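A short write-up of the structure that comes next.
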Amino acid sequence: MEYSILIVITPFLLFLFLGLVGGKLKPNVAGLIGTLGMGLCAVLAYTVAFQYFFNVGKIGESWSQIVPFNFVWLKFTDLLHIDLGVLLDPISVMMLVVITTVSLMVHIYSLGYMKGETGFQRYYALLSLFSFSMLGLVVATNIFQMYIFWELVGVSSYSLIGFYYQKPSAVAASKKAFIVTRFADLGFLIGILILSFYTKTFDFASLTANDAELVTTSFAGGTFMGLSLATWALALIFMGGAGKSAMFPLHIWLPDAMEGPTPVSALIHAATMVVAGVFLVARMFPVYFFAAPDVLTMIAYVGAFTALFAAVIAITQTDIKRVLAFSTISQIAYMMVALGVSEYGGHDGLGYMASMFHLFTHAFFKALLFLGAGSVIHAVHSNEMKDMGNLRKYMPITNITFAIACLAIAGIIPFSGFFSKDEILAAAYHNHPAIFWTLWFVAGLTAFYMWRLYYSIFWNGDKKYDGHHKPHESPWTMAVPLVILAVFSIFSGLIPFANFISSDNMPFYTHIDWKVASLSLVVAVTGIFVARMLYRKASTKPAEIAQKMGGLYTASLKKFYMDEVWGWVTKTVVFRYICEPIKWFDRHIIDGSMNGLAWVTQKSSTAIRGLQSGQVQFYTWFFVAGTLVIALLVLFL
Amino acid sequence: MIKLEFYLVISTLMFFIGIFGFITRKSMIAVLISLELVLNAVEINFAAFNRFLFPHQLEGMFFALFGIAITAAETAVALAIIINAYRKLGNININDASKMRG
């Protein structure tokens, strides 16, 4: 399995190649090289997955962790060393497949979507950099390697959001994304340091081995502000995950990140990077479960709130990419909830499996939704719903694939979203009824806003397009990925996921809980039906309802003023009451003492400058007088 | 018997006369002569202390001889410098040689 390292190295070499000499190549050649390289990665990832799941992965009854490649990168002491390596276990292999597949689709799609853009080669170089970082993240053998790639992912996301760097809004969005996630990563780093200070290791395998025995025993009952240190460490690590996965209240960067090119949104802000937080919690799941169950409960509640919050906002947004962004936040929150409500081992670990399952299916249908939205934007040159409508007659492929993705995310049987969402709801149903009913309601909202989006784009009256702006179906480079992802969206739910992925790596048997499934189906169909009534034909009914809702509608449209709250917190509280005093201290105390020192030195040197006359005898006089004074002092004191 | 103190008084007088001359004379030659007085005062001290404190040893005497040799060499160098200064400045007034460079 040593060749699995190539999956990580290939995109890095591509990045170097395209970054250094890409500018000299023709755009098409650069794009083709990037796409072929990613195709190679995808083939390798599928080979690894096949070999892992069907040949070498299963030892006895359980899935093993294979480390085909590991080397000590930084060795400080015998105990403290940072390694780089490849860890293959069910979730990392699953992530390899997801990332390479979506990345390959995005590479192909971008050949058409980004055609003629300036910086086409730079775009492909950055895509490769991102793929490299994300793949490195999921195969990380230790938490510090994960942190390194975690930051790399942040950087490449920053440069891709800010791809249109002449556009002020894109620059602002990229900065916002970077700063917010970086702020969260501060917590992550502190958490890592606390954790490894006590456990003396960064290694995932050692941390999670034997029901996370190392973590539960090594903290020795230390507490801080009423909570155990292990709880603090793991809560801080979750803070990093919450930043990347856009959990409330750190979600504010994700909607703005839609300023980047649409395929980038599909790759980074739907399928891969934003699930890094979920992946992190899943990777550390035994540690969370055994050392800090409180944190897991907190994750469940944060997730449930975020899911509801984002879904409510998604209903009123009019920018189609923003609807998708909030839907992404909501769906990732679903995965977080599933982890939060999960228990350990066998069928009790259903939530863990459900989370990974939803991550897997969501990656495909959400990437499909974004790519479909990109195809629409490509055709009508606008992000706003009001510029669209009736597009089904102009763009049949996009229409059908988009509808499939909407069915999948709404959770209609037998599309993939149904199966994974059903597992999440079933996991919540048994342990946390309140969370279950929240998620159930969110499922209805999800169906409603997705179908509102669908009808608004493709139906909603018989809008006429005139002149050369007439919309047209996208070129085959864009249509083919849509079709492939649609196939994935339909069938990926049929995989018996519990056979492959479980909290304790032992396969278990699941069945569809028909009570939960029928409840979720009912609410999803209701949501779709309401959306169909309101938006299938152009009507004034939505506006009237909005009028009636009044304040709630405005609040949702303004995203519950979270940006303003953060703006207030940073500008008024942090800047005025923390930064201003620090600035004053710096200007007056620090600079003041330095300036004072310089002033005193200058004045005294001016005063004694006259002594430096060049007259030897004058110097001698001082020398002798000084010697005499010292001699007298020595004699008489 | 001549006591040690007599030597010391003489050498101290010579030393301070030398210092006085070194500080007050304007001619470089006079300054050089004053410097010789200072050094000779030191050498008298060496010889006197050697004579009275360690009569069976000769280190002080040798040191005085060394001092005389070094003084001679130093005088030669100093005279060369004075000649150069004269060529440069047209006189040997020490106050005119205040720039510490050629």
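Here, A, B, ... name the chains of the structure tokens in the order displayed, residue numbers run from 1 inside each chain, and ligands are numbered from 1 in the same displayed order.
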
For this session: Could the residues of chain A within 10 Å of chain B, counting only C-alpha atoms, be given as a list in words, please?
Result: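 Result, ordered by chain then number: Ser613, Gly614, Gln615, Val616, Gln617, Phe618, Tyr619, Thr620, Trp621 and Val624 of chain A.
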
Problem set entry | Non-local contacts of stretch 70-77 of chain B (12 Å; only C-alpha atoms; under 4 positions in same chain excluded) as a VMD selection string | chain B and resid 28 to 29 31 to 40 42 to 43 63 to 66 81 to 84

Kindly export the residues of the current selection with N, CA and C atoms, as a compact mmCIF listing (two decimals), in the first residue's frame.
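Once written, selection18.txt looks like this:
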```txt
# COMPACT_ATOMS: atom_id res chain seq x y z
N MET B 28 56.51 70.43 21.33
CA MET B 28 56.45 68.98 21.39
C MET B 28 57.73 68.41 21.98
N ILE B 29 58.85 69.05 21.69
CA ILE B 29 60.12 68.58 22.25
C ILE B 29 60.06 68.65 23.77
N VAL B 31 57.41 68.60 25.63
CA VAL B 31 56.48 67.56 26.10
C VAL B 31 57.19 66.22 26.16
N LEU B 32 58.01 65.96 25.14
CA LEU B 32 58.75 64.69 25.10
C LEU B 32 59.73 64.60 26.25
N ILE B 33 60.40 65.71 26.53
CA ILE B 33 61.34 65.72 27.66
C ILE B 33 60.60 65.46 28.97
N SER B 34 59.43 66.07 29.13
CA SER B 34 58.63 65.87 30.33
C SER B 34 58.24 64.40 30.47
N LEU B 35 57.92 63.80 29.35
CA LEU B 35 57.55 62.39 29.36
C LEU B 35 58.72 61.54 29.84
N GLU B 36 59.96 61.92 29.40
CA GLU B 36 61.15 61.19 29.86
C GLU B 36 61.27 61.27 31.37
N LEU B 37 60.96 62.46 31.91
CA LEU B 37 61.03 62.62 33.37
C LEU B 37 60.08 61.65 34.05
N VAL B 38 58.84 61.55 33.54
CA VAL B 38 57.86 60.64 34.15
C VAL B 38 58.38 59.21 34.13
N LEU B 39 58.91 58.82 32.97
CA LEU B 39 59.35 57.44 32.85
C LEU B 39 60.55 57.16 33.75
N ASN B 40 61.47 58.13 33.83
CA ASN B 40 62.64 57.93 34.68
C ASN B 40 62.25 57.85 36.14
N VAL B 42 59.58 56.53 37.25
CA VAL B 42 59.11 55.15 37.44
C VAL B 42 60.30 54.21 37.57
N GLU B 43 61.33 54.44 36.73
CA GLU B 43 62.47 53.52 36.78
C GLU B 43 63.24 53.64 38.08
N PHE B 63 63.88 45.29 35.00
CA PHE B 63 62.72 46.01 34.50
C PHE B 63 63.08 47.46 34.19
N ALA B 64 63.91 48.04 35.05
CA ALA B 64 64.36 49.41 34.81
C ALA B 64 65.15 49.47 33.51
N LEU B 65 66.04 48.46 33.30
CA LEU B 65 66.82 48.45 32.06
C LEU B 65 65.91 48.34 30.84
N PHE B 66 64.96 47.43 30.97
CA PHE B 66 63.98 47.32 29.88
C PHE B 66 63.31 48.65 29.61
N ILE B 81 57.94 61.38 14.57
CA ILE B 81 56.60 61.96 14.45
C ILE B 81 56.68 63.48 14.49
N ILE B 82 57.52 63.99 15.40
CA ILE B 82 57.62 65.44 15.53
C ILE B 82 58.15 66.06 14.24
N ILE B 83 59.14 65.38 13.63
CA ILE B 83 59.69 65.91 12.37
C ILE B 83 58.60 65.96 11.30
N ASN B 84 57.81 64.88 11.24
CA ASN B 84 56.72 64.86 10.27
C ASN B 84 55.70 65.94 10.54
```

Problem set entry | Nearest to B:Lys3, chosen from B:Ile17, B:Ala41, B:Ala80, B:Leu53, with only C-alpha atoms counted in the distances | B:Leu53

Exercise. Suppose you want the space between atom CA of A:His358 and atom CA of A:Lys421; what is it in Å?
Worked result: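 Atom-to-atom, atom CA of A:His358 and atom CA of A:Lys421 are spaced 6.5 Å apart.
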
Exercise. Any idea what the distance is between atom CA of A:Asn499 and atom CA of A:Val139?
Worked result: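 Interatomic distance, atom CA of A:Asn499 to atom CA of A:Val139: 20.9 Å.
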
For this session: Can you pull out every residue within 6 Å of stretch 254-266 of chain A, counting only C-alpha atoms, but drop anything in the same chain fewer than 5 positions away, and send it as a count of residues only?
Result: 9

Exercise. With only C-alpha atoms as the atoms that count, which of A:Ala479, A:Met38, A:Val574, A:Leu425 lies nearest to A:Thr438?
Worked result: A:Leu425

Exercise. Could you write out, as a PyMOL selection string, all the residues of stretch 270-380 of chain A that DSSP marks as alpha helix (DSSP H)?
Worked result: chain A and resi 276-283+285-291+293-316+320-341+350-380

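Omitting A:Trp150 and its sequence neighbours fewer than 5 positions away, and counting only C-alpha atoms, the residues within 10 Å are Ser133, Met134, Gly136, Leu137, Val138, Ile143, Phe144, Gln145, Val155, Asp185, Gly240, Gly241, Lys244, Met273, Ala276 and Gly277 of chain A.
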
Could you dump the residues just selected with N, CA and C atoms as a CSV table (one decimal), in the first residue's frame?
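Saved file selection-v9.csv follows:
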```
chain,number,residue,atom,x,y,z
A,133,SER,N,-3.5,19.7,0.2
A,133,SER,CA,-3.7,19.9,1.6
A,133,SER,C,-4.8,19.1,2.2
A,134,MET,N,-5.9,19.0,1.5
A,134,MET,CA,-7.0,18.3,2.0
A,134,MET,C,-6.7,16.8,2.1
A,136,GLY,N,-3.7,15.5,2.4
A,136,GLY,CA,-2.8,15.4,3.6
A,136,GLY,C,-3.5,15.4,4.9
A,137,LEU,N,-4.5,16.2,5.0
A,137,LEU,CA,-5.3,16.3,6.2
A,137,LEU,C,-6.0,15.0,6.6
A,138,VAL,N,-6.6,14.4,5.6
A,138,VAL,CA,-7.4,13.2,6.0
A,138,VAL,C,-6.5,12.0,6.3
A,143,ILE,N,-2.0,14.3,15.2
A,143,ILE,CA,-2.9,15.5,15.3
A,143,ILE,C,-2.1,16.8,14.8
A,144,PHE,N,-0.8,16.7,15.0
A,144,PHE,CA,0.0,17.9,14.5
A,144,PHE,C,0.1,18.0,13.0
A,145,GLN,N,0.2,16.8,12.4
A,145,GLN,CA,0.2,16.8,10.9
A,145,GLN,C,-1.1,17.3,10.4
A,155,VAL,N,-5.2,28.3,3.9
A,155,VAL,CA,-4.5,29.2,3.0
A,155,VAL,C,-5.0,29.1,1.6
A,185,ASP,N,-8.8,28.4,14.8
A,185,ASP,CA,-7.7,27.5,14.9
A,185,ASP,C,-6.8,27.8,16.1
A,240,GLY,N,-11.7,24.6,16.9
A,240,GLY,CA,-11.1,24.6,15.5
A,240,GLY,C,-12.0,24.0,14.5
A,241,GLY,N,-12.6,22.8,14.9
A,241,GLY,CA,-13.5,22.1,13.9
A,241,GLY,C,-14.7,23.0,13.7
A,244,LYS,N,-13.8,25.7,11.0
A,244,LYS,CA,-13.7,25.2,9.6
A,244,LYS,C,-15.1,24.7,9.1
A,273,MET,N,-13.5,20.9,2.4
A,273,MET,CA,-12.9,21.6,3.5
A,273,MET,C,-13.8,21.8,4.7
A,276,ALA,N,-14.1,19.2,7.2
A,276,ALA,CA,-12.9,18.8,8.0
A,276,ALA,C,-13.2,18.8,9.5
A,277,GLY,N,-14.0,19.7,10.0
A,277,GLY,CA,-14.3,19.7,11.4
A,277,GLY,C,-15.0,18.5,11.8
```

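Within 8 Å of stretch 211-217 of chain A there are Leu195, Tyr198, Thr199, Ser206, Leu207, Ala230, Pro286, Val287, Phe290 and Ala291 of chain A, counting only C-alpha atoms and ignoring same-chain residues fewer than 4 positions away.
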
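Take the candidates B:Phe15, B:Phe52, B:Ala30, B:Ile44 and check each one against B:Ile2 using only C-alpha atoms; the shortest distance goes to B:Phe52.
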
For this session: Could you give me, as a list in words, the residues within 8 Å of stretch 94-103 of chain A, counting only C-alpha atoms and dropping anything in the same chain fewer than 6 positions from it?
Result: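 Skipping anything fewer than 6 positions along the chain leaves Met38, Gly39, Cys41, Ala42, Ala45, Tyr46, Ala49, Ser131, Met134, Leu135, Val138, Leu267, Ala271, Thr272, Phe360, Ala363, Phe364 and Ala367 of chain A.
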
Could you save those same residues with N, CA and C atoms as a compact mmCIF listing (two decimals), in the first residue's frame?
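Okay, this is what ended up in result.txt:
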```txt
# COMPACT_ATOMS: atom_id res chain seq x y z
N MET A 38 -5.16 14.98 -11.49
CA MET A 38 -6.18 14.68 -10.50
C MET A 38 -6.87 13.36 -10.85
N GLY A 39 -7.00 13.08 -12.16
CA GLY A 39 -7.56 11.79 -12.57
C GLY A 39 -6.69 10.65 -12.07
N CYS A 41 -4.81 10.72 -9.45
CA CYS A 41 -5.05 10.64 -8.01
C CYS A 41 -6.32 9.85 -7.73
N ALA A 42 -7.36 10.15 -8.51
CA ALA A 42 -8.64 9.48 -8.29
C ALA A 42 -8.50 7.99 -8.51
N ALA A 45 -6.74 6.54 -5.64
CA ALA A 45 -7.59 6.49 -4.44
C ALA A 45 -8.58 5.34 -4.53
N TYR A 46 -9.12 5.14 -5.72
CA TYR A 46 -10.06 4.02 -5.87
C TYR A 46 -9.36 2.69 -5.69
N ALA A 49 -8.84 2.23 -2.05
CA ALA A 49 -10.10 1.90 -1.40
C ALA A 49 -10.47 0.45 -1.66
N SER A 131 -6.18 20.45 -3.15
CA SER A 131 -6.37 19.00 -3.10
C SER A 131 -5.27 18.35 -2.28
N MET A 134 -5.89 19.00 1.45
CA MET A 134 -7.04 18.26 1.99
C MET A 134 -6.72 16.78 2.10
N LEU A 135 -6.02 16.25 1.09
CA LEU A 135 -5.68 14.82 1.15
C LEU A 135 -4.69 14.57 2.27
N VAL A 138 -6.61 14.38 5.61
CA VAL A 138 -7.39 13.20 5.98
C VAL A 138 -6.52 11.98 6.26
N LEU A 267 -16.15 22.57 -4.50
CA LEU A 267 -15.09 21.71 -3.97
C LEU A 267 -14.82 21.99 -2.50
N ALA A 271 -18.07 20.24 -0.24
CA ALA A 271 -17.80 18.81 -0.15
C ALA A 271 -16.61 18.47 0.73
N THR A 272 -15.58 19.29 0.74
CA THR A 272 -14.37 18.82 1.40
C THR A 272 -13.95 19.63 2.61
N PHE A 360 -20.50 11.52 3.27
CA PHE A 360 -20.24 10.89 1.97
C PHE A 360 -21.30 11.29 0.94
N ALA A 363 -21.46 15.16 0.17
CA ALA A 363 -20.40 15.66 -0.69
C ALA A 363 -20.83 15.61 -2.14
N PHE A 364 -21.47 14.51 -2.54
CA PHE A 364 -21.83 14.38 -3.96
C PHE A 364 -23.01 15.28 -4.32
N ALA A 367 -22.04 19.04 -4.02
CA ALA A 367 -21.17 19.45 -5.13
C ALA A 367 -21.99 19.58 -6.40
```

For this session: Just the residues within 6 Å of stretch 60-69 of chain A, please, counting only C-alpha atoms, with nothing from its chain fewer than 3 positions along; format it as a ChimeraX atom specification.
Result: /A:1-2,57,85-89,505-506

Got time to write the residues from that selection, N, CA, C and O atoms, as a PDB file, in the first residue's frame?
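Dumped everything to out_25.pdb:
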```
ATOM      1  N   MET A   1       0.830  -1.212   0.000  1.00  0.00           N
ATOM      2  CA  MET A   1       0.000   0.000   0.000  1.00  0.00           C
ATOM      3  C   MET A   1       0.864   1.262   0.000  1.00  0.00           C
ATOM      4  O   MET A   1       0.347   2.348   0.193  1.00  0.00           O
ATOM      5  N   GLU A   2       2.205   1.078  -0.157  1.00  0.00           N
ATOM      6  CA  GLU A   2       3.076   2.254  -0.065  1.00  0.00           C
ATOM      7  C   GLU A   2       2.721   3.316  -1.098  1.00  0.00           C
ATOM      8  O   GLU A   2       2.966   4.493  -0.902  1.00  0.00           O
ATOM      9  N   GLY A  57      -7.740  -4.667   4.468  1.00  0.00           N
ATOM     10  CA  GLY A  57      -8.189  -3.848   5.590  1.00  0.00           C
ATOM     11  C   GLY A  57      -8.745  -4.644   6.743  1.00  0.00           C
ATOM     12  O   GLY A  57      -8.592  -4.278   7.899  1.00  0.00           O
ATOM     13  N   GLY A  85       2.995  11.210   7.833  1.00  0.00           N
ATOM     14  CA  GLY A  85       2.752   9.866   7.357  1.00  0.00           C
ATOM     15  C   GLY A  85       1.380   9.714   6.752  1.00  0.00           C
ATOM     16  O   GLY A  85       0.652  10.684   6.557  1.00  0.00           O
ATOM     17  N   VAL A  86       1.074   8.483   6.428  1.00  0.00           N
ATOM     18  CA  VAL A  86      -0.221   8.159   5.840  1.00  0.00           C
ATOM     19  C   VAL A  86      -0.886   7.129   6.734  1.00  0.00           C
ATOM     20  O   VAL A  86      -0.287   6.105   7.054  1.00  0.00           O
ATOM     21  N   LEU A  87      -2.096   7.432   7.143  1.00  0.00           N
ATOM     22  CA  LEU A  87      -2.860   6.506   7.973  1.00  0.00           C
ATOM     23  C   LEU A  87      -4.084   6.086   7.182  1.00  0.00           C
ATOM     24  O   LEU A  87      -4.869   6.933   6.763  1.00  0.00           O
ATOM     25  N   LEU A  88      -4.215   4.797   6.961  1.00  0.00           N
ATOM     26  CA  LEU A  88      -5.382   4.310   6.236  1.00  0.00           C
ATOM     27  C   LEU A  88      -6.296   3.580   7.199  1.00  0.00           C
ATOM     28  O   LEU A  88      -5.894   2.613   7.841  1.00  0.00           O
ATOM     29  N   ASP A  89      -7.503   4.083   7.341  1.00  0.00           N
ATOM     30  CA  ASP A  89      -8.523   3.358   8.076  1.00  0.00           C
ATOM     31  C   ASP A  89      -9.838   3.670   7.376  1.00  0.00           C
ATOM     32  O   ASP A  89      -9.849   4.429   6.401  1.00  0.00           O
ATOM     33  N   ASN A 505     -14.840   0.277  14.657  1.00  0.00           N
ATOM     34  CA  ASN A 505     -14.265  -0.450  13.528  1.00  0.00           C
ATOM     35  C   ASN A 505     -14.745  -1.885  13.419  1.00  0.00           C
ATOM     36  O   ASN A 505     -14.111  -2.705  12.755  1.00  0.00           O
ATOM     37  N   MET A 506     -15.839  -2.234  14.110  1.00  0.00           N
ATOM     38  CA  MET A 506     -16.428  -3.560  13.944  1.00  0.00           C
ATOM     39  C   MET A 506     -17.680  -3.397  13.098  1.00  0.00           C
ATOM     40  O   MET A 506     -18.564  -2.613  13.462  1.00  0.00           O
TER      41      MET A 506
END
```

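Between atom CA of A:Gly567 and atom CA of A:Val180 there is a distance of 12.0 Å.
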